[in-house]
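A.B. asks: Here it is, the structure in full.
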Amino acid sequence: MSKLNITPLADRVVIKPLAAETKTASGLYIPDSAKEKPQQGKVVAVGKGNPDQPLTVKVNDTVLYGKFSGTELKLDDNDYLIMREDEILAII
């Protein structure tokens with residue numbers, strides 16, 4: 001992965017969403033119209049945090065986040081989400 005030219009501020013993180021599932025556990029293929037938005041991704045950049053609350057996540061952590069969390073952005077033909085750390089539900 002190339003160096004990302006964006007630095008989030010304070011407690012914000014930039015996440016690259018993982019690809020949506022194309023096949024179910026039983027082997028059925030999911031059409032594009034029925035795919036859900038992915039809810040996990042890899043952290044690619046983190047802010048410096050707040051003085052009273054340091055950040056928990058690090059670059060390259062795989063995380064779970066809410067379905068409607070963050071703000072979508074597109075850089076260099078790649079899709080990313082930028083969100084506050086408190087919108088992240090878990091580190092996988």
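Here's how to read the names in the structure tokens: chain A, B, ... by the order shown, residue numbers from 1 in each chain, ligand numbers from 1 in the order shown.
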Using only C-alpha atoms, which protein or nucleic acid residues come within 8 Å of segment 86-89 of chain A? Drop anything in the same chain fewer than 3 positions from it, and give the result as JSON, numbers by chain.

C.D. replies: {"A": [63, 64, 65, 66, 69, 70, 83]}

A.B. asks: Export, as a PDB file, in the first residue's frame, the selected residues with N, CA and C atoms.

C.D. replies:
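The resulting again-v9.pdb:
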ATOM      1  N   VAL A  63     -10.368  -3.316  12.195  1.00  0.00           N
ATOM      2  CA  VAL A  63     -11.385  -2.867  13.143  1.00  0.00           C
ATOM      3  C   VAL A  63     -12.798  -3.091  12.617  1.00  0.00           C
ATOM      4  N   LEU A  64     -13.737  -3.160  13.541  1.00  0.00           N
ATOM      5  CA  LEU A  64     -15.165  -3.187  13.232  1.00  0.00           C
ATOM      6  C   LEU A  64     -15.742  -1.815  13.560  1.00  0.00           C
ATOM      7  N   TYR A  65     -16.625  -1.320  12.700  1.00  0.00           N
ATOM      8  CA  TYR A  65     -17.259  -0.027  12.937  1.00  0.00           C
ATOM      9  C   TYR A  65     -18.727  -0.110  12.562  1.00  0.00           C
ATOM     10  N   GLY A  66     -19.509   0.855  13.011  1.00  0.00           N
ATOM     11  CA  GLY A  66     -20.940   0.874  12.743  1.00  0.00           C
ATOM     12  C   GLY A  66     -21.249   1.033  11.258  1.00  0.00           C
ATOM     13  N   SER A  69     -21.204   4.714  10.175  1.00  0.00           N
ATOM     14  CA  SER A  69     -20.162   5.516  10.827  1.00  0.00           C
ATOM     15  C   SER A  69     -19.267   6.195   9.810  1.00  0.00           C
ATOM     16  N   GLY A  70     -18.704   7.303  10.224  1.00  0.00           N
ATOM     17  CA  GLY A  70     -17.666   7.966   9.451  1.00  0.00           C
ATOM     18  C   GLY A  70     -18.150   8.730   8.236  1.00  0.00           C
ATOM     19  N   MET A  83     -13.202   8.765  10.603  1.00  0.00           N
ATOM     20  CA  MET A  83     -14.150   8.771  11.719  1.00  0.00           C
ATOM     21  C   MET A  83     -13.411   8.981  13.028  1.00  0.00           C
TER      22      MET A  83
END

A.B. asks: For the strand (DSSP E) assignment from backbone DSSP, which residues of chain A qualify? Please present them as a PyMOL selection string.

C.D. replies: chain A and resi 12-17+40-46+62-65+71-75+78-84+88-91

A.B. asks: Would you list the contacts of segment 55-57 of chain A as an NGL selection string, taking every protein, DNA or RNA residue within 7 Å and counting only C-alpha atoms, but skipping same-chain residues closer than 3 positions in sequence?

C.D. replies: :A and (11 or 49 or 61)

A.B. asks: Which residue gives the smallest distance to Val14 of chain A among A:Leu28, A:Leu73, A:Ile92, A:Leu81, with only C-alpha atoms counted?

C.D. replies: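 That would be A:Leu81, the residue with the smallest distance to Val14 of chain A.
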
A.B. asks: Atom CA of Lys58 of chain A and atom CA of Leu4 of chain A, how far apart in Å?

C.D. replies: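 Between atom CA of Leu4 of chain A and atom CA of Lys58 of chain A the gap is 14.7 Å.
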
A.B. asks: For Gln53 of chain A, which residue out of A:Gln40, A:Asn78, A:Ala20, A:Glu85 is the nearest one, using only C-alpha atoms?

C.D. replies: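 Counting only C-alpha atoms, the residue closest to Gln53 of chain A is A:Glu85.
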
A.B. asks: Excluding Leu9 of chain A and residues on its chain fewer than 6 positions from it, collect all residues at most 10 Å away from it, counting only C-alpha atoms, and give them as a PyMOL selection string.

C.D. replies: chain A and resi 46-50+84

A.B. asks: I'd like the neighbourhood of Val59 of chain A as a compact mmCIF listing (two decimals) with C-alpha atoms, in the first residue's frame, where a residue qualifies if any of its atoms comes within 6 Å (using only C-alpha atoms), though same-chain residues fewer than 2 positions away should be ignored.

C.D. replies:
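See selection_1.txt below for the written result:
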# COMPACT_ATOMS: atom_id res chain seq x y z
CA VAL A 43 -6.59 1.50 9.86
CA VAL A 44 -4.25 3.40 7.49
CA ALA A 45 -3.69 6.65 9.45
CA ASP A 61 -5.19 -2.71 13.00
